[in-house]
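The structure file run-v5.txt is reproduced below (compact mmCIF, C-alpha atoms).
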# COMPACT_ATOMS: atom_id res chain seq x y z
CA MET A 30 -4.59 -7.94 82.03
CA ALA A 31 -4.56 -9.15 85.59
CA SER A 32 -3.74 -6.50 88.14
CA ARG A 33 -0.84 -8.44 89.64
CA SER A 34 1.08 -8.92 86.41
CA VAL A 35 0.62 -5.21 85.64
CA GLU A 36 2.18 -4.41 88.99
CA ILE A 37 5.09 -6.76 88.32
CA ILE A 38 5.76 -5.21 84.90
CA VAL A 39 5.59 -1.69 86.35
CA GLY A 40 7.97 -2.83 89.08
CA ILE A 41 10.45 -4.07 86.45
CA PHE A 42 10.08 -0.77 84.58
CA VAL A 43 10.78 1.31 87.70
CA ALA A 44 13.74 -0.91 88.63
CA LEU A 45 15.21 -0.55 85.13
CA GLY A 46 14.79 3.23 85.25
CA LEU A 47 16.45 3.48 88.64
CA ALA A 48 19.24 1.18 87.45
CA ALA A 49 19.82 3.49 84.48
CA LEU A 50 20.04 6.44 86.86
CA LEU A 51 22.51 4.50 89.01
CA VAL A 52 24.64 3.73 85.94
CA LEU A 53 24.63 7.42 85.06
CA ALA A 54 25.63 8.30 88.63
CA MET A 55 28.36 5.71 89.13
CA LYS A 56 29.75 4.83 85.74
CA VAL A 57 29.29 8.02 83.75
CA SER A 58 29.65 10.83 86.29
CA ASN A 59 32.33 11.34 88.89
CA LEU A 60 30.15 10.73 91.94
CA SER A 61 31.95 7.52 92.87
CA SER A 62 35.44 9.01 92.76
CA LEU A 63 34.43 12.03 94.82
CA GLN A 64 33.15 9.99 97.70
CA GLN A 65 36.06 7.61 98.15
CA GLY A 66 36.49 8.11 101.86
CA GLY A 67 37.35 11.51 103.25
CA GLY A 68 40.59 13.35 102.97
CA TYR A 69 42.67 16.01 104.59
CA GLN A 70 43.11 19.57 103.42
CA LEU A 71 46.28 21.40 102.49
CA THR A 72 46.69 25.00 101.41
CA ALA A 73 49.24 26.58 99.12
CA TYR A 74 49.81 30.17 98.02
CA PHE A 75 50.59 30.85 94.37
CA SER A 76 51.41 34.22 92.83
CA ASN A 77 49.43 33.17 89.75
CA VAL A 78 47.12 30.19 89.32
CA GLY A 79 46.59 30.73 85.60
CA GLY A 80 43.56 28.74 84.46
CA LEU A 81 43.40 26.38 87.45
CA LYS A 82 39.81 25.46 88.29
CA GLU A 83 38.09 24.02 91.33
CA ARG A 84 37.97 20.21 91.20
CA ALA A 85 41.18 20.14 89.15
CA PRO A 86 43.28 17.09 89.96
CA VAL A 87 46.23 17.13 92.36
CA SER A 88 48.81 14.57 91.38
CA ALA A 89 52.09 13.17 92.63
CA SER A 90 54.33 11.33 90.16
CA GLY A 91 51.41 11.49 87.71
CA VAL A 92 48.99 9.68 90.02
CA THR A 93 45.90 11.62 91.11
CA VAL A 94 46.01 11.89 94.90
CA GLY A 95 43.38 14.57 95.47
CA ARG A 96 41.43 17.51 94.08
CA VAL A 97 41.42 21.28 94.34
CA VAL A 98 38.42 22.26 96.49
CA ASN A 99 38.70 26.03 96.68
CA ILE A 100 40.60 28.89 95.05
CA SER A 101 40.44 32.35 96.60
CA TYR A 102 42.43 35.57 96.57
CA ASP A 103 44.23 36.59 99.74
CA ASP A 104 44.41 40.39 99.74
CA ARG A 105 46.95 40.53 102.60
CA THR A 106 49.66 38.54 100.87
CA TYR A 107 48.42 39.46 97.35
CA ASN A 108 48.53 35.82 96.40
CA ALA A 109 46.03 33.20 95.32
CA LYS A 110 45.19 30.72 98.04
CA VAL A 111 44.48 27.22 96.80
CA THR A 112 42.89 24.68 99.13
CA MET A 113 43.18 21.05 98.07
CA GLU A 114 41.85 17.85 99.52
CA ILE A 115 44.23 14.92 99.53
CA ARG A 116 42.89 11.40 99.98
CA LYS A 117 43.36 9.86 103.41
CA GLN A 118 45.65 7.06 102.35
CA TYR A 119 48.29 9.48 101.03
CA ASP A 120 49.27 11.13 104.32
CA GLN A 121 53.05 10.79 104.09
CA PHE A 122 53.96 14.02 102.29
CA PRO A 123 57.01 15.67 103.98
CA ILE A 124 56.60 19.29 105.14
CA ASP A 125 59.03 20.53 102.48
CA THR A 126 56.88 19.14 99.65
CA SER A 127 56.63 21.57 96.74
CA ALA A 128 53.59 22.25 94.55
CA ARG A 129 53.63 23.36 90.90
CA ILE A 130 50.87 24.14 88.46
CA TYR A 131 51.27 22.30 85.18
CA THR A 132 49.19 22.04 82.04
CA ALA A 133 48.17 18.65 80.72
CA GLY A 134 49.33 18.82 77.12
CA LEU A 135 49.57 22.11 75.25
CA LEU A 136 45.89 23.02 75.51
CA GLY A 137 44.74 20.70 78.26
CA GLU A 138 43.42 21.59 81.68
CA GLN A 139 45.72 22.68 84.47
CA TYR A 140 46.55 20.58 87.50
CA ILE A 141 48.75 20.71 90.58
CA SER A 142 51.75 18.44 90.81
CA LEU A 143 53.26 17.68 94.22
CA SER A 144 56.93 16.72 94.53
CA PRO A 145 57.83 15.32 97.96
CA GLY A 146 60.81 16.78 99.82
CA ALA A 147 63.24 15.08 102.19
CA GLU A 148 62.08 16.02 105.72
CA SER A 149 60.89 13.29 108.04
CA GLU A 150 57.98 15.32 109.45
CA THR A 151 54.77 15.02 107.37
CA LEU A 152 52.03 17.50 106.43
CA LYS A 153 48.88 17.33 108.57
CA ASP A 154 45.30 18.45 107.97
CA GLY A 155 45.23 22.21 107.42
CA GLY A 156 48.96 22.30 106.71
CA GLN A 157 50.50 24.69 104.23
CA ILE A 158 52.79 23.86 101.34
CA ARG A 159 55.54 26.52 101.39
CA HIS A 160 57.40 25.87 98.16
CA THR A 161 55.20 26.69 95.21
CA GLN A 162 55.70 27.50 91.57
CA SER A 163 53.06 29.39 89.63
CA ALA A 164 51.36 28.51 86.43
CA VAL A 165 53.19 29.24 83.22
CA VAL A 166 51.31 31.94 81.35
CA LEU A 167 51.95 31.52 77.66
CA GLU A 168 51.51 35.22 76.85
CA GLN A 169 54.19 36.16 79.40
CA LEU A 170 56.63 33.65 77.91
CA ILE A 171 56.02 34.94 74.39
CA GLY A 172 56.40 38.50 75.65
CA GLN A 173 59.75 37.74 77.30
CA PHE A 174 60.95 35.90 74.23
CA LEU A 175 60.08 38.79 71.94
CA TYR A 176 61.69 41.27 74.33
CA GLN A 177 64.97 39.31 74.43
CA LYS A 178 64.90 38.86 70.70
CA GLY A 179 64.50 42.60 70.31
CA LYS A 180 67.46 43.31 72.64
CA GLY A 181 69.70 40.81 70.87
CA SER A 182 69.38 42.22 67.38
CA MET B 13 -24.04 46.87 43.32
CA LEU B 14 -22.57 45.06 46.24
CA ARG B 15 -23.64 46.67 49.48
CA VAL B 16 -21.27 46.18 52.33
CA HIS B 17 -22.26 46.96 55.85
CA PRO B 18 -20.14 49.92 56.98
CA MET B 19 -18.93 48.08 60.08
CA ALA B 20 -17.72 45.07 58.03
CA VAL B 21 -14.32 46.73 57.73
CA LEU B 22 -13.79 45.88 61.38
CA ASP B 23 -14.44 42.16 60.88
CA PRO B 24 -10.77 41.11 60.80
CA VAL B 25 -10.19 43.08 64.01
CA ALA B 26 -13.10 41.32 65.64
CA ARG B 27 -11.77 37.97 64.52
CA LEU B 28 -8.39 38.80 66.02
CA GLY B 29 -10.03 39.80 69.27
CA ARG B 30 -12.09 36.63 69.36
CA GLY B 31 -8.94 34.56 68.79
CA GLY B 32 -7.15 36.36 71.61
CA LEU B 33 -10.06 35.93 73.99
CA THR B 34 -10.32 32.21 73.18
CA PHE B 35 -6.60 31.81 73.78
CA PHE B 36 -6.68 33.50 77.19
CA GLN B 37 -9.85 31.67 78.21
CA ARG B 38 -8.17 28.35 77.40
CA LEU B 39 -5.05 29.41 79.28
CA GLY B 40 -7.18 30.30 82.30
CA ARG B 41 -9.09 27.02 82.14
CA ALA B 42 -5.79 25.14 81.87
CA HIS B 43 -4.55 26.76 85.07
CA LEU B 44 -7.81 26.13 86.91
CA PHE B 45 -7.47 22.54 85.72
CA ALA B 46 -3.92 22.40 87.15
CA LEU B 47 -5.18 23.82 90.45
CA GLU B 48 -7.91 21.18 90.63
CA LEU B 49 -5.31 18.55 89.76
CA LEU B 50 -3.02 19.64 92.60
CA ARG B 51 -5.97 19.59 95.01
CA ALA B 52 -6.67 15.99 94.02
CA MET B 53 -3.02 14.96 94.48
CA GLY B 54 -3.49 14.11 98.16
CA ALA B 55 -6.24 11.61 97.36
CA THR B 56 -4.12 10.22 94.51
CA LEU B 57 -1.15 9.65 96.77
CA ALA B 58 -3.39 7.86 99.23
CA ARG B 59 -4.39 5.36 96.51
CA LEU B 60 -1.11 4.66 94.75
CA ARG B 61 -2.44 1.44 93.22
CA LEU B 62 -4.39 3.47 90.65
CA ALA B 63 -1.26 5.38 89.66
CA ILE B 64 0.73 2.16 89.35
CA GLU B 65 -1.87 0.76 86.95
CA GLN B 66 -1.57 3.94 84.90
CA MET B 67 2.23 3.70 84.91
CA TYR B 68 1.80 0.57 82.84
CA SER B 69 0.05 2.35 79.98
CA VAL B 70 1.99 5.60 80.32
CA GLY B 71 5.48 4.37 81.16
CA VAL B 72 5.92 0.72 80.27
CA LEU B 73 4.34 1.00 76.83
CA THR B 74 6.67 3.94 76.02
CA PHE B 75 9.68 1.92 77.16
CA VAL B 76 10.47 0.14 73.89
CA ILE B 77 10.37 3.20 71.64
CA THR B 78 12.49 5.14 74.15
CA VAL B 79 15.16 2.46 74.34
CA VAL B 80 15.35 1.94 70.57
CA ALA B 81 15.47 5.70 69.91
CA GLY B 82 18.13 6.16 72.62
CA LEU B 83 20.30 3.44 71.12
CA PHE B 84 20.23 4.99 67.66
CA VAL B 85 20.69 8.56 68.88
CA GLY B 86 23.74 7.45 70.87
CA MET B 87 25.16 5.59 67.88
CA VAL B 88 24.69 8.59 65.57
CA LEU B 89 26.30 10.88 68.15
CA GLY B 90 29.28 8.54 68.32
CA LEU B 91 29.62 8.43 64.54
CA GLN B 92 29.22 12.17 63.95
CA GLY B 93 31.32 13.16 66.96
CA TYR B 94 34.12 10.88 65.81
CA ASN B 95 34.23 12.46 62.34
CA THR B 96 34.60 15.92 63.86
CA LEU B 97 36.93 15.09 66.72
CA VAL B 98 39.32 12.92 64.71
CA ASP B 99 40.41 16.01 62.73
CA PHE B 100 41.79 17.47 65.95
CA GLY B 101 43.20 14.19 67.21
CA ALA B 102 40.75 14.38 70.09
CA GLU B 103 38.75 11.21 69.41
CA ASN B 104 39.48 10.08 72.98
CA SER B 105 37.07 12.78 74.17
CA LEU B 106 34.24 11.10 72.27
CA GLY B 107 32.91 9.64 75.51
CA VAL B 108 32.61 13.12 77.02
CA LEU B 109 30.80 14.43 73.95
CA VAL B 110 28.31 11.55 73.85
CA ALA B 111 27.67 11.50 77.61
CA LEU B 112 27.29 15.25 78.10
CA SER B 113 25.01 15.80 75.12
CA LEU B 114 22.81 12.87 76.14
CA VAL B 115 22.65 13.53 79.87
CA ARG B 116 22.19 17.29 79.63
CA GLU B 117 20.02 17.76 76.56
CA LEU B 118 19.06 14.88 74.32
CA GLY B 119 18.02 12.45 77.04
CA PRO B 120 15.39 14.66 78.68
CA VAL B 121 14.28 16.45 75.47
CA VAL B 122 14.01 13.58 72.99
CA ALA B 123 12.51 11.28 75.61
CA ALA B 124 9.92 13.99 76.38
CA LEU B 125 9.11 14.42 72.68
CA LEU B 126 8.64 10.67 72.29
CA PHE B 127 6.62 10.65 75.49
CA ALA B 128 4.35 13.40 74.14
CA GLY B 129 3.83 11.49 70.91
CA ARG B 130 3.35 8.05 72.41
CA ALA B 131 1.81 8.54 75.85
CA GLY B 132 0.48 12.11 75.66
CA SER B 133 -1.68 11.54 72.60
CA ALA B 134 -3.03 8.31 74.11
CA LEU B 135 -3.94 10.14 77.33
CA THR B 136 -5.76 12.90 75.43
CA ALA B 137 -7.69 10.41 73.31
CA GLU B 138 -8.62 8.36 76.38
CA ILE B 139 -9.85 11.31 78.46
CA GLY B 140 -11.50 12.89 75.41
CA LEU B 141 -13.44 9.71 74.62
CA MET B 142 -14.41 9.40 78.27
CA LYS B 143 -15.85 12.89 78.00
CA ALA B 144 -17.51 12.23 74.61
CA THR B 145 -19.18 9.06 75.88
CA GLU B 146 -20.14 10.90 79.09
CA GLN B 147 -18.23 8.56 81.36
CA LEU B 148 -16.83 11.54 83.26
CA SER B 149 -20.35 12.90 83.86
CA ALA B 150 -21.44 9.42 84.93
CA LEU B 151 -18.64 9.34 87.50
CA GLU B 152 -19.74 12.72 88.81
CA MET B 153 -23.32 11.46 89.00
CA MET B 154 -22.09 8.66 91.25
CA ALA B 155 -20.32 11.27 93.43
CA VAL B 156 -16.91 10.05 92.28
CA ASP B 157 -14.55 12.94 91.64
CA PRO B 158 -13.01 12.29 88.18
CA PHE B 159 -9.94 14.29 89.23
CA ARG B 160 -9.24 11.87 92.06
CA ARG B 161 -10.23 8.69 90.25
CA VAL B 162 -9.18 9.29 86.62
CA ILE B 163 -7.01 12.35 86.08
CA GLY B 164 -4.87 12.49 89.23
CA PRO B 165 -3.43 8.95 88.89
CA ARG B 166 -2.60 9.57 85.22
CA PHE B 167 -0.79 12.79 86.06
CA LEU B 168 1.24 11.15 88.82
CA ALA B 169 2.11 8.25 86.50
CA GLY B 170 3.37 10.61 83.79
CA PHE B 171 5.29 12.75 86.26
CA LEU B 172 7.09 9.71 87.70
CA SER B 173 7.65 7.85 84.41
CA MET B 174 9.36 10.71 82.60
CA PRO B 175 12.65 10.85 84.60
CA LEU B 176 12.92 7.06 84.45
CA LEU B 177 12.45 7.10 80.68
CA ALA B 178 14.96 9.93 80.26
CA ALA B 179 17.55 8.10 82.39
CA LEU B 180 17.00 4.95 80.34
CA PHE B 181 17.35 6.94 77.13
CA SER B 182 20.68 8.42 78.26
CA ALA B 183 22.09 5.15 79.58
CA VAL B 184 21.15 3.19 76.46
CA GLY B 185 22.43 6.06 74.28
CA ILE B 186 25.81 6.00 75.99
CA ALA B 187 25.95 2.24 75.47
CA GLY B 188 25.16 2.82 71.78
CA GLY B 189 27.86 5.48 71.53
CA TYR B 190 30.30 3.11 73.21
CA PHE B 191 29.42 0.35 70.76
CA VAL B 192 30.07 2.57 67.73
CA ALA B 193 33.15 4.32 69.13
CA VAL B 194 34.97 1.33 70.61
CA GLY B 195 33.51 -1.52 68.58
CA LEU B 196 33.42 -0.01 65.11
CA LEU B 197 35.77 2.98 65.08
CA GLY B 198 38.53 1.70 67.33
CA VAL B 199 38.55 4.41 70.02
CA ASP B 200 40.37 3.24 73.13
CA ALA B 201 37.82 1.86 75.62
CA GLY B 202 39.81 3.00 78.66
CA SER B 203 40.07 6.63 77.63
CA PHE B 204 36.44 6.63 76.44
CA TRP B 205 35.26 5.79 79.97
CA SER B 206 37.88 7.63 82.01
CA GLN B 207 37.51 10.96 80.19
CA MET B 208 33.74 10.66 80.48
CA HIS B 209 34.11 9.84 84.14
CA SER B 210 36.26 12.85 84.93
CA SER B 211 34.25 15.38 82.89
CA VAL B 212 30.65 14.53 83.77
CA ASP B 213 29.59 15.90 87.14
CA PHE B 214 26.82 14.13 89.03
CA TYR B 215 25.08 17.21 90.42
CA ASP B 216 25.74 19.67 87.59
CA ASP B 217 24.97 17.34 84.72
CA VAL B 218 23.07 14.22 85.76
CA MET B 219 20.83 15.82 88.41
CA ASN B 220 20.04 18.84 86.21
CA GLY B 221 18.97 16.38 83.51
CA VAL B 222 16.70 14.67 86.02
CA ILE B 223 15.18 18.02 87.07
CA LYS B 224 14.57 18.85 83.42
CA SER B 225 12.81 15.57 82.80
CA LEU B 226 10.63 16.03 85.90
CA VAL B 227 9.52 19.44 84.59
CA PHE B 228 8.90 18.02 81.10
CA GLY B 229 6.96 15.09 82.54
CA ALA B 230 4.68 17.40 84.51
CA VAL B 231 4.13 19.80 81.60
CA VAL B 232 3.52 17.16 78.92
CA THR B 233 1.11 15.18 81.10
CA TRP B 234 -0.69 18.36 82.15
CA ILE B 235 -1.17 19.49 78.53
CA ALA B 236 -2.30 16.01 77.44
CA LEU B 237 -4.84 15.66 80.25
CA PHE B 238 -6.15 19.20 79.84
CA GLU B 239 -6.60 18.84 76.08
CA GLY B 240 -8.59 15.66 76.66
CA TYR B 241 -10.66 17.20 79.44
CA ASP B 242 -11.32 20.40 77.49
CA CYS B 243 -11.99 18.88 74.06
CA VAL B 244 -15.20 19.27 72.06
CA PRO B 245 -16.96 15.97 72.87
CA THR B 246 -17.25 14.69 69.31
CA SER B 247 -15.05 12.35 67.33
CA GLU B 248 -13.68 15.32 65.40
CA GLY B 249 -13.05 17.26 68.60
CA VAL B 250 -11.10 14.35 70.12
CA SER B 251 -8.95 14.01 67.02
CA ARG B 252 -8.20 17.75 67.05
CA ALA B 253 -7.37 17.66 70.74
CA THR B 254 -4.96 14.78 70.17
CA THR B 255 -3.16 16.70 67.44
CA ARG B 256 -3.01 19.80 69.64
CA THR B 257 -1.51 17.76 72.48
CA VAL B 258 1.41 16.59 70.38
CA VAL B 259 2.05 20.04 68.87
CA HIS B 260 1.68 22.06 72.08
CA ALA B 261 3.53 19.59 74.27
CA SER B 262 6.46 19.38 71.83
CA LEU B 263 6.69 23.16 71.56
CA ALA B 264 6.44 23.53 75.34
CA VAL B 265 9.24 20.99 75.84
CA LEU B 266 11.56 22.74 73.39
CA GLY B 267 10.81 26.20 74.76
CA LEU B 268 11.15 25.15 78.39
CA ASP B 269 14.38 23.35 77.57
CA PHE B 270 15.91 26.64 76.47
CA VAL B 271 14.74 28.40 79.64
CA LEU B 272 15.93 25.61 81.93
CA THR B 273 19.29 25.34 80.16
CA ALA B 274 19.78 29.10 80.49
CA LEU B 275 18.95 28.90 84.20
CA MET B 276 21.12 25.85 84.91
CA PHE B 277 24.17 26.22 82.70
CA GLY B 278 24.01 29.82 81.48
CA GLY B 279 24.76 31.78 84.61
Rendering of file as structure tokens:
Amino acid sequence: MASRSVEIIVGIFVALGLAALLVLAMKVSNLSSLQQGGGYQLTAYFSNVGGLKERAPVSASGVTVGRVVNISYDDRTYNAKVTMEIRKQYDQFPIDTSARIYTAGLLGEQYISLSPGAESETLKDGGQIRHTQSAVVLEQLIGQFLYQKGKGS
Amino acid sequence: MLRVHPMAVLDPVARLGRGGLTFFQRLGRAHLFALELLRAMGATLARLRLAIEQMYSVGVLTFVITVVAGLFVGMVLGLQGYNTLVDFGAENSLGVLVALSLVRELGPVVAALLFAGRAGSALTAEIGLMKATEQLSALEMMAVDPFRRVIGPRFLAGFLSMPLLAALFSAVGIAGGYFVAVGLLGVDAGSFWSQMHSSVDFYDDVMNGVIKSLVFGAVVTWIALFEGYDCVPTSEGVSRATTRTVVHASLAVLGLDFVLTALMFGG
């Protein structure tokens, strides 16, 4: 076979392979949604984060507005410190916004839900959400329920 | 009366020792071969045209079998995954199941096994016949280094083709899984893609698959070229070397896959 047509066929092969890799990167994995512009960071302290993981979604009214980027333990306040990155276009959260940790479905993954407050001042980069509500730990709930049941009888 | 030499009792032990020595000698020669190969890489990179020609026989001719196998593996994954997941009402996660198993494991591993069978055996037979017909010696006589002219370009072609083939395998497999899940079984197309999208991580899953396939490509091509270069230069020797390539390369891929998975996802 002529050398040139071999080169053309190899070129098509390489292009197809790279296209497949691009499909895997953009369509299958979450690379495209991670790099949608930058964002600004907010922190919140929770007494218990339950099973919250890094890269868990942060949502407001059910719409994903950002992701959790870091979870660490603050041994001065004895609370968990959650850092989240909110997308740039959602920069109108009032300073009295509250954050709660919810579970998607009964066994689903946990996420943070933001409910906006009423103040006119908005949260800036590095701001802290003051009103937080921890994750619901199922074992604790069952424990309380059994305890009350025992007292009642 | 049968007279047995008193030392004949030790014959099995000697045979064992000879087997062990042969094994380690081959292992040593294989590593010297790899060293020589790496030394020739500079010259190979300087003449990429040779490697591109080899990519035709190593990569392009393996393309069709990879794509067809990927399509069917993806379709079977979709079918089997659906039967299991539907019991838990989780058939919307089918996309995650298909994509993760293809991108992390099946893409690199099955593509490497096909590559060993299709391209590896051809490489061994080609190099082995070159040795049997003394073409390699002829090259050396003309002061042409066979590592730079013959073996280096083939190694580079295999090393570069493998990740492309694995990516193609995974992409086509996901398309096949999509076809079965959405087209035949009635899974919702939106949740198929969106759950896959949110669960598959580019660096943790896709890139680790690419690293795996690079390692497999290097190992399979190395084994294939070494078996050809080291074969007994007869028609029987070439046929044995070809068989050994497929067996050893497949075992190496499966063993290395366990090690790499443990390193990447285990800790």
>> Show me, as a PyMOL selection string, the residues that have an atom within 8 Å of Val110 (chain B) when counting all atoms listed in the file, minus same-chain residues fewer than 5 positions from it.
In response: chain B and resi 86+89-90+93+186+189
Can you pull out the residues contacting Gln207 (chain B)? Cut-off 8 Å, using all atoms listed in the file, and skip same-chain residues under 4 positions away; I want them as an mmCIF file with C-alpha atoms, in the coordinates of the input.
data_model
loop_
_atom_site.group_PDB
_atom_site.id
_atom_site.type_symbol
_atom_site.label_atom_id
_atom_site.label_comp_id
_atom_site.auth_asym_id
_atom_site.auth_seq_id
_atom_site.Cartn_x
_atom_site.Cartn_y
_atom_site.Cartn_z
ATOM 1 C CA ASN B 104 39.480 10.080 72.980
ATOM 2 C CA SER B 105 37.070 12.780 74.170
ATOM 3 C CA GLY B 107 32.910 9.640 75.510
ATOM 4 C CA VAL B 108 32.610 13.120 77.020
ATOM 5 C CA SER B 203 40.070 6.630 77.630
ATOM 6 C CA SER B 211 34.250 15.380 82.890
#
> Just how far from CA of Glu248 (chain B) is CA of Ala26 (chain B), in Å to one decimal?
Replying inline: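 Separation of CA of Ala26 (chain B) and CA of Glu248 (chain B): 26.0 Å.
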>> Need to verify the contact set: Phe75 (chain B), 9 Å, all atoms listed in the file, exclusion of same-chain residues closer than 6 positions in sequence. Can you return it as a ChimeraX atom specification?
In response: /A:42 /B:177,180
>> Which residue is closest to Ala44 (chain A)? Choose from B:Leu141, B:Ile223, B:Val72, B:Glu239 and count all atoms listed in the file.
In response: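 Among the listed residues, B:Val72 lies closest to Ala44 (chain A).
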> For chain A against chain B, which residues fall within 9 Å using only C-alpha atoms, given as a list in words?
Replying inline: Ser32, Val35, Glu36, Ile38, Val39, Gly40, Phe42, Val43, Leu45, Gly46, Leu47, Ala48, Ala49, Leu50, Val52, Leu53, Ala54, Met55, Lys56, Val57, Ser58, Asn59, Leu60 and Ser62 of chain A
>> Just the number, please: distance in Å from CA of Phe122 (chain A) to CA of Ser88 (chain A), one decimal.
In response: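 For CA of Phe122 (chain A) relative to CA of Ser88 (chain A), the distance reads 12.1 Å.
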In the coordinates of the file, take the point (34.0, 8.7, 61.3) and a cut-off of 10 Å; then, counting only C-alpha atoms, name each qualifying protein, DNA or RNA residue as an mmCIF file with C-alpha atoms, in the frame of the given file.
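Resulting contents of out_6.cif:
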data_model
loop_
_atom_site.group_PDB
_atom_site.id
_atom_site.type_symbol
_atom_site.label_atom_id
_atom_site.label_comp_id
_atom_site.auth_asym_id
_atom_site.auth_seq_id
_atom_site.Cartn_x
_atom_site.Cartn_y
_atom_site.Cartn_z
ATOM 1 C CA GLY B 90 29.280 8.540 68.320
ATOM 2 C CA LEU B 91 29.620 8.430 64.540
ATOM 3 C CA GLN B 92 29.220 12.170 63.950
ATOM 4 C CA GLY B 93 31.320 13.160 66.960
ATOM 5 C CA TYR B 94 34.120 10.880 65.810
ATOM 6 C CA ASN B 95 34.230 12.460 62.340
ATOM 7 C CA THR B 96 34.600 15.920 63.860
ATOM 8 C CA LEU B 97 36.930 15.090 66.720
ATOM 9 C CA VAL B 98 39.320 12.920 64.710
ATOM 10 C CA ASP B 99 40.410 16.010 62.730
ATOM 11 C CA GLU B 103 38.750 11.210 69.410
ATOM 12 C CA VAL B 192 30.070 2.570 67.730
ATOM 13 C CA ALA B 193 33.150 4.320 69.130
ATOM 14 C CA LEU B 196 33.420 -0.010 65.110
ATOM 15 C CA LEU B 197 35.770 2.980 65.080
#
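Atom pair CA of Gln121 (chain A) / CA of Asn108 (chain A) has a distance of 26.6 Å (rounded to one decimal).
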Quick one: which region 34-130 of chain A residues come within 6 Å of region 153-177 of chain A, and what is the nearest atom pair for each with the distance in Å to one decimal, counting only C-alpha atoms, rows ordered by chain and ascending number, as CSV?
residue,atom,partner,partner_atom,distance
A:Tyr69,CA,A:Asp154,CA,4.9
A:Gln70,CA,A:Asp154,CA,5.2
A:Leu71,CA,A:Gly156,CA,5.1
A:Thr72,CA,A:Gln157,CA,4.8
A:Ala73,CA,A:Ile158,CA,5.0
A:Phe75,CA,A:Ser163,CA,5.5
A:Asn77,CA,A:Ser163,CA,5.2
A:Val78,CA,A:Ala164,CA,5.4
A:Gly79,CA,A:Ala164,CA,5.3
A:Ser127,CA,A:His160,CA,4.6
A:Ala128,CA,A:Thr161,CA,4.8
A:Arg129,CA,A:Gln162,CA,4.7
A:Ile130,CA,A:Ala164,CA,4.8
>> Show me, as a PyMOL selection string, the residues that have an atom within 8 Å of Arg116 (chain A) when counting all atoms listed in the file, minus same-chain residues fewer than 6 positions from it.
In response: chain A and resi 66-69+94-95
Find the axis-aligned box for region 165-177 of chain A, covering all its listed atoms and adding 5 Å on each side, and write its centre and edge lengths in Å to one decimal as AutoDock Vina command-line options.
--center_x 58.1 --center_y 35.3 --center_z 77.6 --size_x 23.7 --size_y 22.0 --size_z 21.3
>> I need the residue nearest Pro145 (chain A) from this list: A:Val97, A:Pro123, A:Tyr107, A:Val92. Use only C-alpha atoms for the distance.
In response: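 Result for the nearest residue to Pro145 (chain A): A:Pro123.
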>> Tell me which residues come within 9 Å of (-16.3, 11.4, 72.9), as a PyMOL selection string, counting all atoms listed in the file in the file's coordinates.
In response: chain B and resi 137-146+243-250
> Which residue, B:Gly278, B:Gly221, B:Gly132, B:Gly195, has the smallest gap to Phe238 (chain B) when you use all atoms listed in the file?
Replying inline: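 Comparing B:Gly278, B:Gly221, B:Gly132, B:Gly195 against Phe238 (chain B), the winner is B:Gly132.
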>> Using all atoms listed in the file for the distances, tell me which of B:Leu106, B:Leu268, B:Met154, B:Leu126 is nearest to Gly202 (chain B).
In response: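 Among B:Leu106, B:Leu268, B:Met154, B:Leu126, it is B:Leu106 that comes nearest to Gly202 (chain B).
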> Looking at A:Ala133, A:Arg33, A:Ser149, A:Val87, which one is nearest to Tyr119 (chain A), with distances taken over all atoms listed in the file?
Replying inline: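 Comparing A:Ala133, A:Arg33, A:Ser149, A:Val87 against Tyr119 (chain A), the winner is A:Val87.
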>> Applying 7 Å and all atoms listed in the file, which residues near region 38-54 of chain B remain after dropping the ones on its own chain fewer than 6 positions away? List them as a PyMOL selection string.
In response: chain B and resi 159-160+164+238
> With distances taken over only C-alpha atoms, which of A:Val111, A:Ala89, A:Val98, A:Leu152 is nearest to Ser76 (chain A)?
Replying inline: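 Ranked by minimum distance to Ser76 (chain A), first place goes to A:Val111.
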Mind rebuilding region 113-119 of chain A with N, CA and C atoms and writing that out as a tab-separated table (two decimals), in the coordinates of the input?
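Output (part.tsv):
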chain	number	residue	atom	x	y	z
A	113	MET	N	43.39	22.34	98.75
A	113	MET	CA	43.18	21.05	98.07
A	113	MET	C	42.92	19.96	99.09
A	114	GLU	N	42.16	18.98	98.64
A	114	GLU	CA	41.85	17.85	99.52
A	114	GLU	C	42.60	16.63	99.01
A	115	ILE	N	43.43	16.09	99.89
A	115	ILE	CA	44.23	14.92	99.53
A	115	ILE	C	43.58	13.70	100.18
A	116	ARG	N	43.53	12.60	99.45
A	116	ARG	CA	42.89	11.40	99.98
A	116	ARG	C	43.64	10.90	101.22
A	117	LYS	N	42.86	10.26	102.10
A	117	LYS	CA	43.36	9.86	103.41
A	117	LYS	C	44.58	8.95	103.33
A	118	GLN	N	44.57	8.05	102.33
A	118	GLN	CA	45.65	7.06	102.35
A	118	GLN	C	47.02	7.64	101.96
A	119	TYR	N	47.01	8.86	101.37
A	119	TYR	CA	48.29	9.48	101.03
A	119	TYR	C	48.62	10.55	102.07
